[in-house]
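Quick look at target.pdb (PDB, C-alpha atoms):
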ATOM      1  CA  MET A   1     -16.806  11.310  -2.326
ATOM      2  CA  ASP A   2     -17.261  13.983   0.345
ATOM      3  CA  TYR A   3     -14.781  16.368  -1.242
ATOM      4  CA  ILE A   4     -15.760  17.509  -4.736
ATOM      5  CA  PRO A   5     -14.131  20.899  -5.412
ATOM      6  CA  HIS A   6     -14.284  22.821  -8.669
ATOM      7  CA  VAL A   7     -11.515  21.450 -10.904
ATOM      8  CA  SER A   8      -9.917  23.197 -13.864
ATOM      9  CA  VAL A   9      -7.829  21.048 -16.202
ATOM     10  CA  ILE A  10      -4.943  22.854 -17.912
ATOM     11  CA  VAL A  11      -3.814  21.393 -21.240
ATOM     12  CA  PRO A  12      -0.663  23.092 -22.588
ATOM     13  CA  ALA A  13      -0.262  22.156 -26.238
ATOM     14  CA  TYR A  14       2.333  22.636 -28.944
ATOM     15  CA  ASN A  15       1.914  20.988 -32.348
ATOM     16  CA  GLU A  16      -0.695  18.532 -31.065
ATOM     17  CA  ALA A  17      -3.397  19.065 -33.686
ATOM     18  CA  LYS A  18      -3.690  15.313 -34.356
ATOM     19  CA  VAL A  19      -4.413  14.303 -30.760
ATOM     20  CA  ILE A  20      -5.807  17.371 -28.981
ATOM     21  CA  ALA A  21      -9.465  16.467 -29.635
ATOM     22  CA  MET A  22      -8.991  12.932 -28.276
ATOM     23  CA  THR A  23      -7.368  14.303 -25.126
ATOM     24  CA  ILE A  24     -10.190  16.776 -24.477
ATOM     25  CA  ARG A  25     -12.829  14.074 -25.037
ATOM     26  CA  SER A  26     -11.164  11.900 -22.399
ATOM     27  CA  LEU A  27     -11.548  14.828 -19.993
ATOM     28  CA  GLN A  28     -15.208  15.308 -20.876
ATOM     29  CA  ALA A  29     -15.807  11.617 -20.138
ATOM     30  CA  GLN A  30     -14.483  11.876 -16.576
ATOM     31  CA  ASP A  31     -16.516  10.234 -13.830
ATOM     32  CA  TYR A  32     -16.321  13.190 -11.449
ATOM     33  CA  GLY A  33     -19.266  14.506  -9.485
ATOM     34  CA  GLY A  34     -18.025  18.083  -9.098
ATOM     35  CA  ARG A  35     -17.715  21.032 -11.435
ATOM     36  CA  LEU A  36     -15.118  20.476 -14.152
ATOM     37  CA  ASP A  37     -13.841  22.737 -16.916
ATOM     38  CA  VAL A  38     -10.982  22.490 -19.404
ATOM     39  CA  VAL A  39      -8.513  25.241 -20.314
ATOM     40  CA  VAL A  40      -6.525  24.535 -23.487
ATOM     41  CA  VAL A  41      -3.477  26.746 -24.054
ATOM     42  CA  ASP A  42      -2.019  26.610 -27.551
ATOM     43  CA  ASP A  43       1.591  27.722 -27.148
ATOM     44  CA  GLY A  44       1.955  29.240 -30.610
ATOM     45  CA  SER A  45       1.661  25.966 -32.529
ATOM     46  CA  PRO A  46       2.346  26.329 -36.263
ATOM     47  CA  ASP A  47       0.136  23.296 -37.006
ATOM     48  CA  GLY A  48      -3.047  25.053 -35.868
ATOM     49  CA  THR A  49      -3.616  23.111 -32.649
ATOM     50  CA  GLY A  50      -5.662  25.945 -31.151
ATOM     51  CA  VAL A  51      -7.875  26.233 -34.236
ATOM     52  CA  VAL A  52      -8.573  22.491 -34.256
ATOM     53  CA  ALA A  53      -9.524  22.528 -30.550
ATOM     54  CA  ALA A  54     -11.661  25.669 -30.854
ATOM     55  CA  GLU A  55     -13.598  24.325 -33.853
ATOM     56  CA  ALA A  56     -14.118  20.871 -32.372
ATOM     57  CA  PHE A  57     -15.503  22.222 -29.078
ATOM     58  CA  ALA A  58     -17.075  25.505 -30.162
ATOM     59  CA  ASP A  59     -20.423  24.491 -28.599
ATOM     60  CA  GLU A  60     -18.947  23.191 -25.345
ATOM     61  CA  PRO A  61     -19.059  25.884 -22.624
ATOM     62  CA  ARG A  62     -16.821  23.854 -20.307
ATOM     63  CA  VAL A  63     -13.925  24.037 -22.776
ATOM     64  CA  SER A  64     -11.966  27.275 -23.205
ATOM     65  CA  VAL A  65      -9.251  27.561 -25.846
ATOM     66  CA  PHE A  66      -6.527  30.208 -25.736
ATOM     67  CA  THR A  67      -3.647  30.849 -28.120
ATOM     68  CA  LYS A  68      -0.481  32.675 -27.074
ATOM     69  CA  LEU A  69       2.949  33.369 -28.490
ATOM     70  CA  ASN A  70       5.359  30.489 -28.082
ATOM     71  CA  GLY A  71       7.173  30.685 -24.771
ATOM     72  CA  GLY A  72       7.583  27.113 -23.558
ATOM     73  CA  LYS A  73       5.502  24.735 -21.478
ATOM     74  CA  SER A  74       5.950  26.601 -18.175
ATOM     75  CA  THR A  75       4.563  29.816 -19.652
ATOM     76  CA  ALA A  76       1.595  27.924 -21.120
ATOM     77  CA  LEU A  77       0.850  26.342 -17.730
ATOM     78  CA  ASN A  78       1.007  29.696 -15.939
ATOM     79  CA  TYR A  79      -1.170  31.274 -18.619
ATOM     80  CA  GLY A  80      -3.786  28.590 -18.051
ATOM     81  CA  ILE A  81      -3.618  28.698 -14.244
ATOM     82  CA  HIS A  82      -4.254  32.445 -14.208
ATOM     83  CA  ARG A  83      -7.379  31.868 -16.324
ATOM     84  CA  ALA A  84      -8.584  28.820 -14.415
ATOM     85  CA  ARG A  85     -11.607  29.142 -12.145
ATOM     86  CA  GLY A  86     -11.238  25.956 -10.127
ATOM     87  CA  GLU A  87      -9.639  25.735  -6.694
ATOM     88  CA  ILE A  88      -7.822  22.612  -7.924
ATOM     89  CA  VAL A  89      -5.898  22.639 -11.198
ATOM     90  CA  VAL A  90      -5.053  19.385 -12.947
ATOM     91  CA  CYS A  91      -2.273  19.498 -15.523
ATOM     92  CA  LEU A  92      -1.678  17.002 -18.300
ATOM     93  CA  ASP A  93       0.239  16.826 -21.553
ATOM     94  CA  ALA A  94      -1.753  17.213 -24.740
ATOM     95  CA  ASP A  95      -0.768  13.711 -25.920
ATOM     96  CA  THR A  96      -2.087  12.073 -22.740
ATOM     97  CA  VAL A  97      -5.430  10.355 -22.171
ATOM     98  CA  PHE A  98      -7.030  10.009 -18.732
ATOM     99  CA  GLU A  99      -9.004   6.984 -17.597
ATOM    100  CA  PRO A 100     -12.571   7.848 -16.478
ATOM    101  CA  ARG A 101     -11.787   7.949 -12.734
ATOM    102  CA  THR A 102      -8.419   9.722 -12.959
ATOM    103  CA  ILE A 103      -9.506  13.196 -11.872
ATOM    104  CA  ALA A 104     -11.612  11.835  -9.005
ATOM    105  CA  GLU A 105      -8.611   9.815  -7.808
ATOM    106  CA  LEU A 106      -6.297  12.827  -8.078
ATOM    107  CA  VAL A 107      -8.652  15.007  -6.068
ATOM    108  CA  GLY A 108      -9.101  12.447  -3.273
ATOM    109  CA  PRO A 109      -5.841  13.096  -1.349
ATOM    110  CA  LEU A 110      -6.453  16.860  -1.540
ATOM    111  CA  ARG A 111      -9.263  16.569   0.991
ATOM    112  CA  ASP A 112      -6.348  16.739   3.450
ATOM    113  CA  ALA A 113      -5.710  20.476   3.788
ATOM    114  CA  SER A 114      -1.969  19.875   4.218
ATOM    115  CA  VAL A 115      -1.625  18.361   0.726
ATOM    116  CA  GLY A 116      -0.572  20.890  -1.908
ATOM    117  CA  ALA A 117      -0.194  18.608  -4.921
ATOM    118  CA  VAL A 118      -0.828  15.014  -5.998
ATOM    119  CA  ALA A 119       1.142  12.894  -8.459
ATOM    120  CA  GLY A 120      -0.764  10.481 -10.655
ATOM    121  CA  ASN A 121       0.191   7.164 -12.234
ATOM    122  CA  ALA A 122       1.572   7.690 -15.742
ATOM    123  CA  LYS A 123       1.687   4.657 -18.016
ATOM    124  CA  VAL A 124       2.998   4.174 -21.546
ATOM    125  CA  GLY A 125       0.153   3.881 -24.023
ATOM    126  CA  ASN A 126       2.015   3.216 -27.278
ATOM    127  CA  ARG A 127       3.526  -0.169 -26.405
ATOM    128  CA  LEU A 128       4.088  -1.093 -30.034
ATOM    129  CA  LYS A 129       7.882  -1.232 -30.291
ATOM    130  CA  LEU A 130      10.623  -2.735 -28.171
ATOM    131  CA  VAL A 131      11.837   0.693 -27.035
ATOM    132  CA  THR A 132       8.361   1.724 -25.816
ATOM    133  CA  ARG A 133       7.831  -1.661 -24.117
ATOM    134  CA  TRP A 134      11.071  -1.125 -22.220
ATOM    135  CA  GLN A 135       9.824   2.282 -21.123
ATOM    136  CA  ALA A 136       6.480   0.811 -20.043
ATOM    137  CA  LEU A 137       8.356  -1.593 -17.762
ATOM    138  CA  GLU A 138      10.517   1.252 -16.484
ATOM    139  CA  TYR A 139       7.471   3.396 -15.651
ATOM    140  CA  VAL A 140       6.045   0.591 -13.515
ATOM    141  CA  THR A 141       9.192  -0.726 -11.814
ATOM    142  CA  SER A 142      11.076   2.518 -11.348
ATOM    143  CA  GLN A 143       9.079   5.720 -11.408
ATOM    144  CA  ASN A 144       5.801   4.614  -9.820
ATOM    145  CA  THR A 145       7.379   2.202  -7.351
ATOM    146  CA  ASP A 146       9.610   5.034  -6.161
ATOM    147  CA  ARG A 147       6.613   7.328  -5.725
ATOM    148  CA  ARG A 148       4.807   4.766  -3.571
ATOM    149  CA  ALA A 149       7.786   4.654  -1.217
ATOM    150  CA  PHE A 150       8.371   8.410  -1.272
ATOM    151  CA  ASP A 151       4.674   9.014  -0.597
ATOM    152  CA  LEU A 152       5.004   7.135   2.696
ATOM    153  CA  LEU A 153       8.083   9.221   3.544
ATOM    154  CA  ASN A 154       6.505  12.491   2.318
ATOM    155  CA  CYS A 155       9.375  13.244  -0.021
ATOM    156  CA  ILE A 156       8.000  12.996  -3.564
ATOM    157  CA  THR A 157      10.079  15.336  -5.721
ATOM    158  CA  VAL A 158       8.146  15.185  -9.007
ATOM    159  CA  VAL A 159       4.456  15.608  -9.736
ATOM    160  CA  PRO A 160       4.648  14.530 -13.406
ATOM    161  CA  GLY A 161       3.506  16.891 -16.106
ATOM    162  CA  ALA A 162       1.521  14.073 -17.698
ATOM    163  CA  VAL A 163      -0.811  13.639 -14.714
ATOM    164  CA  GLY A 164      -0.857  15.789 -11.600
ATOM    165  CA  ALA A 165      -3.168  17.934  -9.480
ATOM    166  CA  TRP A 166      -2.227  21.159  -7.715
ATOM    167  CA  ARG A 167      -3.961  23.307  -5.143
ATOM    168  CA  ARG A 168      -4.274  26.550  -7.100
ATOM    169  CA  THR A 169      -3.517  28.840  -4.151
ATOM    170  CA  ALA A 170      -0.391  26.834  -3.325
ATOM    171  CA  ILE A 171       1.093  26.948  -6.815
ATOM    172  CA  LEU A 172       0.310  30.653  -7.170
ATOM    173  CA  GLU A 173       1.930  31.442  -3.810
ATOM    174  CA  ALA A 174       5.021  29.579  -5.027
ATOM    175  CA  GLY A 175       5.177  31.855  -8.074
ATOM    176  CA  GLY A 176       3.729  29.395 -10.567
ATOM    177  CA  PHE A 177       5.857  27.201 -12.785
ATOM    178  CA  SER A 178       9.366  28.580 -13.098
ATOM    179  CA  HIS A 179      11.303  29.029 -16.352
ATOM    180  CA  ASP A 180      14.649  28.501 -14.567
ATOM    181  CA  THR A 181      14.967  24.787 -15.319
ATOM    182  CA  LEU A 182      14.072  22.220 -17.969
ATOM    183  CA  ALA A 183      11.994  20.327 -15.379
ATOM    184  CA  GLU A 184       9.307  22.809 -14.386
ATOM    185  CA  ASP A 185       7.168  20.089 -12.772
ATOM    186  CA  GLN A 186       9.981  18.913 -10.491
ATOM    187  CA  ASP A 187      10.996  22.482  -9.665
ATOM    188  CA  ALA A 188       7.443  23.372  -8.618
ATOM    189  CA  THR A 189       7.052  20.151  -6.596
ATOM    190  CA  ILE A 190      10.224  20.803  -4.587
ATOM    191  CA  GLU A 191       9.230  24.430  -4.042
ATOM    192  CA  LEU A 192       5.863  23.400  -2.590
ATOM    193  CA  ARG A 193       7.519  20.811  -0.373
ATOM    194  CA  LYS A 194       9.982  23.443   0.884
ATOM    195  CA  ARG A 195       7.030  25.637   1.816
ATOM    196  CA  GLY A 196       5.642  22.914   4.060
ATOM    197  CA  TRP A 197       3.051  21.368   1.758
ATOM    198  CA  ARG A 198       2.693  17.610   1.613
ATOM    199  CA  ILE A 199       2.903  15.955  -1.832
ATOM    200  CA  GLY A 200       0.567  12.999  -2.307
ATOM    201  CA  TYR A 201       0.375  10.088  -4.718
ATOM    202  CA  ALA A 202      -2.748   8.590  -6.306
ATOM    203  CA  GLU A 203      -1.986   5.092  -7.607
ATOM    204  CA  HIS A 204      -5.320   4.700  -9.386
ATOM    205  CA  ALA A 205      -5.164   8.075 -11.152
ATOM    206  CA  VAL A 206      -3.997   6.478 -14.395
ATOM    207  CA  ALA A 207      -2.959   8.423 -17.467
ATOM    208  CA  TRP A 208      -1.840   6.862 -20.747
ATOM    209  CA  THR A 209       0.907   8.885 -22.360
ATOM    210  CA  GLU A 210       2.907   8.687 -25.575
ATOM    211  CA  ALA A 211       6.515   7.639 -24.999
ATOM    212  CA  PRO A 212       9.367   8.204 -27.489
ATOM    213  CA  ASP A 213       9.242   5.402 -30.061
ATOM    214  CA  CYS A 214      12.824   5.628 -31.336
ATOM    215  CA  PHE A 215      16.192   5.881 -29.631
ATOM    216  CA  ARG A 216      16.925   9.357 -30.985
ATOM    217  CA  THR A 217      13.852  10.947 -29.396
ATOM    218  CA  LEU A 218      14.312   8.843 -26.255
ATOM    219  CA  VAL A 219      17.874  10.094 -25.800
ATOM    220  CA  ARG A 220      16.718  13.682 -26.369
ATOM    221  CA  GLN A 221      13.950  13.272 -23.777
ATOM    222  CA  ARG A 222      16.226  11.691 -21.194
ATOM    223  CA  PHE A 223      18.915  14.320 -21.725
ATOM    224  CA  ARG A 224      16.297  16.982 -21.013
ATOM    225  CA  TRP A 225      15.057  15.103 -17.930
ATOM    226  CA  SER A 226      18.585  14.596 -16.565
ATOM    227  CA  SER A 227      19.584  18.187 -17.248
ATOM    228  CA  GLY A 228      16.397  19.481 -15.635
ATOM    229  CA  THR A 229      16.935  17.303 -12.567
ATOM    230  CA  LEU A 230      20.502  18.550 -12.170
ATOM    231  CA  GLN A 231      19.278  22.133 -12.526
ATOM    232  CA  CYS A 232      16.629  21.550  -9.845
ATOM    233  CA  THR A 233      19.164  19.928  -7.531
ATOM    234  CA  TRP A 234      21.466  22.922  -7.885
ATOM    235  CA  LYS A 235      18.634  25.450  -7.534
ATOM    236  CA  HIS A 236      17.377  23.827  -4.324
ATOM    237  CA  ARG A 237      20.799  22.782  -2.994
ATOM    238  CA  SER A 238      20.099  24.649   0.245
ATOM    239  CA  THR A 239      17.781  21.783   1.250
ATOM    240  CA  LEU A 240      20.501  19.104   1.049
ATOM    241  CA  PHE A 241      21.084  17.355   4.384
ATOM    242  CA  ARG A 242      19.002  20.012   6.174
ATOM    243  CA  ARG A 243      16.714  18.532   8.818
ATOM    244  CA  ALA A 244      14.652  21.699   8.742
ATOM    245  CA  TYR A 245      13.174  20.446   5.455
ATOM    246  CA  GLY A 246      12.359  17.016   6.852
ATOM    247  CA  SER A 247      12.534  14.028   4.553
ATOM    248  CA  LEU A 248      13.006  16.313   1.551
ATOM    249  CA  GLY A 249      16.420  17.396   2.823
ATOM    250  CA  THR A 250      17.520  14.138   4.431
ATOM    251  CA  ILE A 251      16.183  11.559   1.944
ATOM    252  CA  ALA A 252      14.784  12.893  -1.338
ATOM    253  CA  MET A 253      17.410  15.446  -2.345
ATOM    254  CA  PRO A 254      20.416  13.280  -1.355
ATOM    255  CA  ASN A 255      18.801  10.429  -3.291
ATOM    256  CA  THR A 256      18.469  12.669  -6.344
ATOM    257  CA  LEU A 257      22.076  13.810  -6.020
ATOM    258  CA  ARG A 258      23.234  10.206  -5.755
ATOM    259  CA  PHE A 259      21.309   8.712  -8.642
ATOM    260  CA  GLN A 260      21.565  11.601 -11.108
ATOM    261  CA  PRO A 261      25.138  12.985 -11.261
ATOM    262  CA  LEU A 262      26.874   9.837  -9.972
ATOM    263  CA  PHE A 263      25.014   7.247 -12.022
ATOM    264  CA  THR A 264      24.994   9.505 -15.089
ATOM    265  CA  ALA A 265      28.787   9.725 -14.876
ATOM    266  CA  VAL A 266      29.224   5.961 -14.364
ATOM    267  CA  SER A 267      26.786   4.839 -17.084
ATOM    268  CA  PRO A 268      29.098   5.480 -20.072
ATOM    269  CA  LEU A 269      31.800   3.416 -18.352
ATOM    270  CA  ALA A 270      29.344   0.553 -17.854
ATOM    271  CA  ASP A 271      28.376   0.750 -21.544
ATOM    272  CA  LEU A 272      32.033   0.583 -22.589
ATOM    273  CA  MET A 273      32.593  -2.435 -20.322
ATOM    274  CA  PHE A 274      29.581  -4.154 -21.898
ATOM    275  CA  LEU A 275      30.877  -3.515 -25.432
ATOM    276  CA  GLY A 276      34.341  -4.681 -24.395
ATOM    277  CA  SER A 277      32.860  -7.885 -23.004
ATOM    278  CA  ARG A 278      30.949  -8.520 -26.236
ATOM    279  CA  LEU A 279      34.125  -7.971 -28.271
ATOM    280  CA  SER A 280      36.104 -10.301 -26.020
ATOM    281  CA  VAL A 281      33.506 -13.069 -26.327
ATOM    282  CA  GLY A 282      33.408 -12.612 -30.101
ATOM    283  CA  LEU A 283      37.171 -12.917 -30.436
ATOM    284  CA  THR A 284      37.183 -16.004 -28.214
ATOM    285  CA  TYR A 285      34.510 -17.604 -30.382
ATOM    286  CA  VAL A 286      36.497 -16.886 -33.555
ATOM    287  CA  GLU A 287      39.684 -18.347 -32.037
ATOM    288  CA  HIS A 288      38.160 -21.532 -30.605
ATOM    289  CA  GLY A 289      35.341 -22.226 -33.080
ATOM    290  CA  ALA A 290      33.455 -25.425 -32.323
ATOM    291  CA  THR A 291      35.109 -25.847 -28.933
ATOM    292  CA  PHE A 292      33.697 -22.530 -27.689
ATOM    293  CA  ALA A 293      31.272 -22.942 -24.796
TER     294      ALA A 293
END

Let me see the file written as structure tokens.
Amino acid sequence: MDYIPHVSVIVPAYNEAKVIAMTIRSLQAQDYGGRLDVVVVDDGSPDGTGVVAAEAFADEPRVSVFTKLNGGKSTALNYGIHRARGEIVVCLDADTVFEPRTIAELVGPLRDASVGAVAGNAKVGNRLKLVTRWQALEYVTSQNTDRRAFDLLNCITVVPGAVGAWRRTAILEAGGFSHDTLAEDQDATIELRKRGWRIGYAEHAVAWTEAPDCFRTLVRQRFRWSSGTLQCTWKHRSTLFRRAYGSLGTIAMPNTLRFQPLFTAVSPLADLMFLGSRLSVGLTYVEHGATFA
């Protein structure tokens, strides 16, 4: 690799005492030829996440652990970015594990000076239940397939919090990660794109993340994602159908508007139709018995 900048990895963490050490070890095992350091930001975790990380890596100079008052993920990310020393900052969730070549793959597209951020390839690691297996399929067929297409069109709207790289000067010029929405990663991605930066995609930058393993937590996660997307769409509504913003205004934002509010509104109706169909088939079976086909 002819481009090996200093990389700082920001790990915002809240109540991740059980997995924080494993995550940091996956970062230490990275196959990256350049300078690499890790900045862990404990966002006021009551379970002692910061203490666990500090004790486990007390003799590792490349790992810095900070603890701050709880303020949310965006504040933890900004806290870490301001203390990072690398020209590239890689952000990941504390329950995410990188494959050995992930950081090298993320950095690759940034050799192009016009690229401000790079989205990685998030995959579901806990494929133990039906609900997580469904999500694993969704991650492959929906999210990452979309990013491949949007990468060609230069209109990626989300550099995922689980695996993404940012040019530090670009994210600082954009004001860091905003607290205005529930989707700080999407908000920051759109802001960089509005400022003329290109957003790249690294297919082989694989990160294994923990997906919700029950419907209650899945619904809560998706409600937050949908609400955050709607907030971002409203916040950046000035880009809609504006050719001045290129493919962001003519393709990405209209696509978001179409698939979020419209499909979200139609989905309950589709669910009711499905339940009605099941009820109708059940009644028909009861009425006709053995002759039912």

Next item on the list: List the residues selected by the PyMOL selection byres ((chain A and resi 185) around 12) in the file shown, writing them as a PyMOL selection string.
Entry: chain A and resi 73-74+77-78+91-93+117-119+156-166+171+176-184+186-192+225+228-229+232

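Residues matching the PyMOL selection byres ((chain A and resi 96-100) around 6) in this structure come to Thr23, Ser26, Gln30, Asp31, Asp93, Ala94, Asp95, Arg101, Thr102, Val206, Ala207, Trp208 and Thr209 of chain A.
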
Next item on the list: List the residues matched by the PyMOL selection byres ((chain A and resi 213) around 12) in the displayed structure as number ranges by chain, ordered by chain and then by residue number.
Entry: A: 124-136, 209-212, 214-221

Notebook entry, point to check: Please, which residues are within 8 Å of (20.5, 19.4, 2.5) by the file's coordinates, counting only C-alpha atoms, and could they come as a ChimeraX atom specification?
Noted result: /A:237-243,245,249-250,253-254

Item checked: Spatial neighbours of Val115 in chain A, 12 Å, all atoms listed in the file, chain gap at least 3 places, as number ranges by chain -> A: 88, 106-112, 118-119, 151, 154, 156, 165-171, 189, 192-193, 195-201

Produce a file of the selected residues containing C-alpha atoms, as a compact mmCIF listing (two decimals), keeping the file's coordinate frame.
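New file result39.txt:
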# COMPACT_ATOMS: atom_id res chain seq x y z
CA ILE A 88 -7.82 22.61 -7.92
CA LEU A 106 -6.30 12.83 -8.08
CA VAL A 107 -8.65 15.01 -6.07
CA GLY A 108 -9.10 12.45 -3.27
CA PRO A 109 -5.84 13.10 -1.35
CA LEU A 110 -6.45 16.86 -1.54
CA ARG A 111 -9.26 16.57 0.99
CA ASP A 112 -6.35 16.74 3.45
CA VAL A 118 -0.83 15.01 -6.00
CA ALA A 119 1.14 12.89 -8.46
CA ASP A 151 4.67 9.01 -0.60
CA ASN A 154 6.50 12.49 2.32
CA ILE A 156 8.00 13.00 -3.56
CA ALA A 165 -3.17 17.93 -9.48
CA TRP A 166 -2.23 21.16 -7.72
CA ARG A 167 -3.96 23.31 -5.14
CA ARG A 168 -4.27 26.55 -7.10
CA THR A 169 -3.52 28.84 -4.15
CA ALA A 170 -0.39 26.83 -3.32
CA ILE A 171 1.09 26.95 -6.82
CA THR A 189 7.05 20.15 -6.60
CA LEU A 192 5.86 23.40 -2.59
CA ARG A 193 7.52 20.81 -0.37
CA ARG A 195 7.03 25.64 1.82
CA GLY A 196 5.64 22.91 4.06
CA TRP A 197 3.05 21.37 1.76
CA ARG A 198 2.69 17.61 1.61
CA ILE A 199 2.90 15.96 -1.83
CA GLY A 200 0.57 13.00 -2.31
CA TYR A 201 0.38 10.09 -4.72

Quick one: contact table of range 70-164 of chain A to range 41-58 of chain A, 8 Å max, nearest atom pair and distance in Å to one decimal per residue, counting only C-alpha atoms, chain and number order, as a tab-separated table?
residue	atom	partner	partner_atom	distance
A:Asn70	CA	A:Gly44	CA	4.4
A:Gly71	CA	A:Asp43	CA	6.8
A:Gly72	CA	A:Asp43	CA	7.0
A:Lys73	CA	A:Asp43	CA	7.5
A:Ala76	CA	A:Val41	CA	6.0
A:Leu77	CA	A:Val41	CA	7.7
A:Tyr79	CA	A:Val41	CA	7.4
A:Gly80	CA	A:Val41	CA	6.3

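From CA of Ala202 in chain A back to CA of Val140 in chain A, the distance works out to 13.9 Å.
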
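Remark: residues at most 10 Å from position (-13.6, 22.3, -18.8) in file coordinates are Val7, Ser8, Val9, Ile10, Ile24, Leu27, Gln28, Arg35, Leu36, Asp37, Val38, Val39, Val40, Glu60, Pro61, Arg62, Val63, Ser64, Val65, Ala84, Arg85 and Gly86 of chain A, using all atoms listed in the file.
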
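Of note, CA of Trp234 in chain A and CA of Leu257 in chain A are spaced 9.3 Å apart.
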
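Note that CA of Gly120 in chain A and CA of Gln143 in chain A are 11.0 Å apart.
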
Check: Which is closest to Ala104 in chain A among A:Glu287, A:Glu173, A:Glu138, A:Glu203, if we use only C-alpha atoms?
Finding: A:Glu203

Next item on the list: Using all atoms listed in the file, pick whichever of A:Leu69, A:Ala174, A:Ile81, A:Ile103 has the shortest atom-to-atom distance to Ile4 in chain A.
Entry: A:Ile103
